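> CSV, C-alpha atoms and all ligand atoms, saved as input.csv, coming up:
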chain,number,residue,atom,x,y,z
A,1,MET,CA,-26.2,-1.9,22.8
A,2,VAL,CA,-23.3,-2.2,25.1
A,3,GLY,CA,-23.0,0.6,27.7
A,4,GLU,CA,-26.7,1.6,27.6
A,5,GLU,CA,-27.0,1.4,31.3
A,6,TYR,CA,-24.5,4.3,31.6
A,7,ARG,CA,-25.2,8.0,31.3
A,8,ARG,CA,-24.1,9.0,27.9
A,9,TRP,CA,-24.3,11.3,24.9
A,10,GLU,CA,-25.0,9.9,21.5
A,11,GLY,CA,-23.6,11.3,18.3
A,12,ASP,CA,-21.3,10.8,15.4
A,13,MET,CA,-17.6,11.4,15.4
A,14,GLU,CA,-15.8,12.3,12.2
A,15,ALA,CA,-12.7,10.3,11.6
A,16,LEU,CA,-11.3,12.3,8.7
A,17,TYR,CA,-7.6,13.0,9.2
A,18,VAL,CA,-4.4,13.7,7.4
A,19,TYR,CA,-0.9,12.7,8.5
A,20,THR,CA,2.4,13.3,6.9
A,21,ALA,CA,4.3,10.7,5.0
A,22,GLY,CA,7.4,11.3,7.1
A,23,VAL,CA,11.1,11.1,5.9
A,24,ALA,CA,11.0,7.5,4.6
A,25,GLY,CA,7.5,8.0,3.1
A,26,ASP,CA,8.6,11.2,1.4
A,27,ARG,CA,11.5,9.5,-0.4
A,28,PHE,CA,9.3,6.4,-1.2
A,29,PHE,CA,6.7,8.7,-3.0
A,30,ARG,CA,9.4,10.7,-4.8
A,31,GLU,CA,11.0,7.5,-6.1
A,32,ILE,CA,7.7,6.4,-7.5
A,33,ARG,CA,7.0,9.8,-9.0
A,34,ASP,CA,10.5,10.5,-10.5
A,35,ASN,CA,11.9,7.1,-11.1
A,36,GLU,CA,9.0,4.6,-11.3
A,37,ARG,CA,10.6,2.4,-8.8
A,38,LEU,CA,9.7,0.9,-5.4
A,39,MET,CA,12.4,1.6,-2.7
A,40,GLY,CA,12.6,0.0,0.7
A,41,THR,CA,14.9,0.4,3.6
A,42,TYR,CA,17.3,-2.4,4.7
A,43,CYS,CA,18.3,-3.4,8.2
A,44,PRO,CA,21.8,-5.1,8.0
A,45,GLU,CA,21.4,-6.3,11.7
A,46,CYS,CA,18.3,-8.3,10.8
A,47,ASP,CA,18.9,-8.8,7.1
A,48,VAL,CA,15.4,-7.5,6.4
A,49,THR,CA,14.2,-5.0,3.8
A,50,TYR,CA,11.0,-3.1,4.6
A,51,LEU,CA,8.4,-2.1,2.1
A,52,PRO,CA,7.0,0.5,2.6
A,53,PRO,CA,10.3,1.8,3.9
A,54,ARG,CA,10.8,2.5,7.6
A,55,LEU,CA,13.3,4.8,9.3
A,56,TYR,CA,13.8,2.3,12.2
A,57,CYS,CA,13.8,-1.5,12.2
A,58,GLU,CA,10.8,-2.8,14.1
A,59,THR,CA,12.8,-5.8,15.4
A,60,CYS,CA,16.1,-4.3,16.6
A,61,PHE,CA,15.2,-0.6,16.6
A,62,SER,CA,18.3,0.3,14.5
A,63,GLU,CA,18.1,3.5,12.4
A,64,LEU,CA,17.8,2.4,8.8
A,65,ASN,CA,19.9,4.4,6.2
A,66,GLU,CA,20.4,1.8,3.5
A,67,TRP,CA,17.9,1.9,0.6
A,68,GLU,CA,17.2,-0.9,-1.8
A,69,GLU,CA,15.2,-1.1,-5.0
A,70,ILE,CA,12.5,-3.6,-4.8
A,71,PRO,CA,12.0,-5.7,-8.0
A,72,ASN,CA,8.7,-4.6,-9.7
A,73,LYS,CA,7.2,-8.0,-9.5
A,74,GLY,CA,5.2,-9.4,-6.7
A,75,ARG,CA,2.6,-12.0,-5.8
A,76,VAL,CA,-1.0,-11.5,-4.6
A,77,ASP,CA,-1.3,-12.5,-1.0
A,78,ALA,CA,-4.8,-11.5,-0.2
A,79,ILE,CA,-7.8,-10.2,-2.1
A,80,THR,CA,-10.9,-8.2,-1.4
A,81,VAL,CA,-13.6,-6.8,-3.6
A,82,ALA,CA,-15.2,-3.4,-3.1
A,83,TYR,CA,-18.8,-2.9,-4.4
A,84,VAL,CA,-19.3,0.6,-3.1
A,85,ASP,CA,-17.1,3.7,-3.1
A,86,ASP,CA,-15.9,5.6,0.0
A,87,LYS,CA,-19.3,7.4,0.1
A,88,GLY,CA,-21.3,4.2,0.0
A,89,GLU,CA,-22.4,4.7,-3.6
A,90,ARG,CA,-22.6,1.5,-5.7
A,91,LEU,CA,-19.7,1.2,-8.1
A,92,ALA,CA,-20.5,0.6,-11.8
A,93,ARG,CA,-17.9,-2.2,-11.8
A,94,PRO,CA,-16.5,-3.8,-8.6
A,95,LYS,CA,-13.0,-3.0,-7.7
A,96,VAL,CA,-10.6,-5.8,-6.8
A,97,LEU,CA,-8.0,-4.8,-4.2
A,98,ALA,CA,-5.0,-7.0,-3.4
A,99,MET,CA,-2.2,-7.1,-0.9
A,100,VAL,CA,0.9,-7.8,-2.9
A,101,ARG,CA,4.1,-9.0,-1.4
A,102,PHE,CA,7.4,-8.5,-3.2
A,103,LEU,CA,10.3,-11.0,-3.3
A,104,GLY,CA,12.9,-10.1,-0.6
A,105,ALA,CA,10.8,-7.4,1.1
A,106,ASN,CA,9.0,-7.5,4.4
A,107,GLY,CA,5.6,-6.0,4.1
A,108,GLY,CA,3.8,-5.2,0.8
A,109,LEU,CA,1.4,-2.9,-0.9
A,110,ILE,CA,-2.3,-2.8,-1.2
A,111,HIS,CA,-3.8,-1.5,-4.4
A,112,VAL,CA,-6.3,-2.1,-7.2
A,113,VAL,CA,-5.8,-5.0,-9.6
A,114,ASP,CA,-7.0,-4.2,-13.1
A,115,LEU,CA,-8.9,-7.5,-13.6
A,116,PRO,CA,-12.3,-8.8,-12.7
A,117,GLU,CA,-12.5,-10.7,-9.4
A,118,GLU,CA,-12.9,-14.1,-11.0
A,119,ASP,CA,-9.5,-13.6,-12.7
A,120,VAL,CA,-7.5,-12.7,-9.5
A,121,TYR,CA,-6.2,-15.4,-7.3
A,122,ARG,CA,-3.7,-15.8,-4.4
A,123,GLY,CA,-0.2,-16.4,-5.6
A,124,MET,CA,-0.8,-14.7,-8.9
A,125,GLU,CA,2.2,-12.7,-10.3
A,126,VAL,CA,1.6,-9.0,-10.8
A,127,GLU,CA,3.6,-5.9,-11.5
A,128,VAL,CA,3.1,-2.3,-10.6
A,129,VAL,CA,1.8,0.0,-13.4
A,130,TYR,CA,2.5,3.7,-12.9
A,131,LEU,CA,0.6,6.7,-14.1
A,132,PRO,CA,2.3,8.4,-17.1
A,133,ARG,CA,5.2,10.7,-16.0
A,134,GLY,CA,3.4,14.0,-16.4
A,135,LEU,CA,0.4,13.0,-14.3
A,136,ARG,CA,2.3,11.8,-11.2
A,137,LYS,CA,2.1,13.9,-8.1
A,138,GLY,CA,4.2,12.1,-5.5
A,139,SER,CA,1.4,10.1,-3.9
A,140,PHE,CA,0.3,6.5,-3.7
A,141,LEU,CA,-2.1,7.2,-6.5
A,142,ASP,CA,0.9,7.5,-8.8
A,143,ILE,CA,0.5,3.8,-8.9
A,144,LEU,CA,-2.3,3.1,-11.3
A,145,HIS,CA,-2.8,-0.5,-10.5
A,146,PHE,CA,-1.3,-4.0,-10.5
A,147,LYS,CA,-1.4,-6.0,-13.7
A,148,ALA,CA,-1.0,-9.7,-14.2
A,149,ILE,CA,2.3,-10.8,-15.8
B,1,ZN,ZN,16.9,-4.8,12.6
Once you've parsed the file, please lay out its structure as structure tokens.
Ligand SMILES: [Zn+2]

Amino acid sequence: MVGEEYRRWEGDMEALYVYTAGVAGDRFFREIRDNERLMGTYCPECDVTYLPPRLYCETCFSELNEWEEIPNKGRVDAITVAYVDDKGERLARPKVLAMVRFLGANGGLIHVVDLPEEDVYRGMEVEVVYLPRGLRKGSFLDILHFKAI
């Protein structure tokens, strides 16, 4: 182990934390909950739309006040498969997670794809499926999954 030659204490450090969604994140989640739509922020200086939305452009540092609806259709850019849950317990059925990028947006979203891993591939077209209206709470879990189109 690196650092064994130094005087030390050994132990575990919990890394459970909560942070607020912020102004842009708050609207992003409200739009999902109330309007079933993905909204990003647009930088006219750089001609870039950010998804998830940002309050400031990461390139020119301009404050971003223009919001744009992102079309509900994207492409799988990366895939991973989870065989255990967040507590290390084996899942009955593996979960496929994908990074999906949306046309015209810088960034993307990572979420579950509702298909077995052998049916998910890079470049595959998917769309967001939302929870039914009465069940949404204004969180990322208001998105149920991505489905193939
Ligand atoms: Zn910019």
> For ligand ZN 1 (chain B), list the contacting residues at 7 Å or closer, counting only C-alpha atoms and all ligand atoms, as a PyMOL selection string.
chain A and resi 43-46+48+57-62
> If I take CA of Glu117 in chain A and CA of Arg93 in chain A, how far is one from the other in Å, to one decimal?
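Atom-to-atom, CA of Glu117 in chain A and CA of Arg93 in chain A are spaced 10.4 Å apart.
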> Sorted by chain and rising residue number, which residues of range 22-58 of chain A lie within 9 Å of range 137-144 of chain A, and what are their closest atom pairs and distances in Å to one decimal, counting only C-alpha atoms, as a Markdown table?

| residue | atom | partner | partner_atom | distance |
| --- | --- | --- | --- | --- |
| A:Asp26 | CA | A:Gly138 | CA | 8.2 |
| A:Phe28 | CA | A:Gly138 | CA | 8.8 |
| A:Phe29 | CA | A:Gly138 | CA | 4.9 |
| A:Arg30 | CA | A:Gly138 | CA | 5.4 |
| A:Glu31 | CA | A:Gly138 | CA | 8.2 |
| A:Ile32 | CA | A:Gly138 | CA | 7.0 |
| A:Arg33 | CA | A:Gly138 | CA | 5.0 |
| A:Asp34 | CA | A:Gly138 | CA | 8.2 |
| A:Glu36 | CA | A:Ile143 | CA | 8.9 |
> Could you tell me which of A:Val84, A:Leu64, A:Leu38, A:Leu115 comes closest to Val128 in chain A if we count only C-alpha atoms?
A:Leu38
> For Glu127 in chain A, work out the shell of residues within 9 Å, counting all atoms listed in the file and skipping chain neighbours fewer than 2 positions away, then give it as a ChimeraX atom specification.
/A:72-75,125,129,145-149
> Which of these residues is nearest to Gly40 in chain A, using all atoms listed in the file: A:Leu103, A:Val76, A:Ala15, A:Leu91?
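Among the listed residues, the smallest separation from Gly40 in chain A belongs to A:Leu103.
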> Please determine the residues with any atom at most 12 Å from (11.6, -1.7, 4.1) (coordinates as given in the file, with only C-alpha atoms counting) and report them as JSON, numbers by chain.
{"A": [24, 25, 28, 38, 39, 40, 41, 42, 43, 44, 46, 47, 48, 49, 50, 51, 52, 53, 54, 55, 56, 57, 58, 63, 64, 65, 66, 67, 68, 69, 70, 101, 102, 103, 104, 105, 106, 107, 108, 109]}
> Tell me, in Å to one decimal, how far CA of Pro94 in chain A is from CA of Tyr121 in chain A.
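Interatomic distance, CA of Pro94 in chain A to CA of Tyr121 in chain A: 15.6 Å.
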> Could you pull the residues within 9 Å of Tyr83 in chain A, counting only C-alpha atoms, minus those fewer than 2 positions along the same chain, as a list in words?
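Once the nearby chain positions are removed, what remains is Val81, Asp85, Gly88, Glu89, Arg90, Leu91, Ala92, Arg93, Pro94 and Lys95 of chain A.
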> Between CA of Ala78 in chain A and CA of Val126 in chain A, measure the distance and give it in Å to one decimal.
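Here the two named atoms are 12.6 Å from each other.
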> For Asp114 in chain A, which residue among A:Leu131, A:Met13, A:Val96, A:Val18 is the nearest when counting all atoms listed in the file?
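Answer, going by the shortest atom-to-atom distance: A:Val96.
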> Got a moment to write range 71-102 of chain A out with C-alpha atoms, as an mmCIF file, in the first residue's frame?

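Below is the file that was written, result_11.cif:
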data_model
loop_
_atom_site.group_PDB
_atom_site.id
_atom_site.type_symbol
_atom_site.label_atom_id
_atom_site.label_comp_id
_atom_site.auth_asym_id
_atom_site.auth_seq_id
_atom_site.Cartn_x
_atom_site.Cartn_y
_atom_site.Cartn_z
ATOM 1 C CA PRO A 71 -35.812 17.469 -28.810
ATOM 2 C CA ASN A 72 -36.745 14.277 -26.978
ATOM 3 C CA LYS A 73 -34.604 12.087 -29.182
ATOM 4 C CA GLY A 74 -30.967 11.215 -28.673
ATOM 5 C CA ARG A 75 -28.281 8.694 -29.466
ATOM 6 C CA VAL A 76 -26.491 6.327 -27.131
ATOM 7 C CA ASP A 77 -22.878 7.434 -26.853
ATOM 8 C CA ALA A 78 -21.575 5.078 -24.148
ATOM 9 C CA ILE A 79 -22.905 2.046 -22.316
ATOM 10 C CA THR A 80 -22.179 0.310 -19.050
ATOM 11 C CA VAL A 81 -23.919 -2.564 -17.307
ATOM 12 C CA ALA A 82 -24.522 -2.770 -13.553
ATOM 13 C CA TYR A 83 -24.755 -6.235 -11.994
ATOM 14 C CA VAL A 84 -25.024 -5.070 -8.372
ATOM 15 C CA ASP A 85 -27.014 -2.310 -6.698
ATOM 16 C CA ASP A 86 -25.594 0.609 -4.723
ATOM 17 C CA LYS A 87 -25.296 -1.634 -1.644
ATOM 18 C CA GLY A 88 -23.368 -4.336 -3.470
ATOM 19 C CA GLU A 89 -26.342 -6.714 -3.715
ATOM 20 C CA ARG A 90 -26.613 -8.711 -6.911
ATOM 21 C CA LEU A 91 -29.424 -7.461 -9.165
ATOM 22 C CA ALA A 92 -32.025 -9.978 -10.365
ATOM 23 C CA ARG A 93 -31.578 -8.520 -13.835
ATOM 24 C CA PRO A 94 -28.537 -6.413 -14.887
ATOM 25 C CA LYS A 95 -29.229 -2.737 -15.505
ATOM 26 C CA VAL A 96 -28.004 -1.132 -18.684
ATOM 27 C CA LEU A 97 -26.993 2.509 -18.275
ATOM 28 C CA ALA A 98 -26.262 4.771 -21.192
ATOM 29 C CA MET A 99 -24.849 8.212 -21.803
ATOM 30 C CA VAL A 100 -27.237 9.728 -24.325
ATOM 31 C CA ARG A 101 -26.402 12.815 -26.366
ATOM 32 C CA PHE A 102 -29.119 14.963 -27.897
#
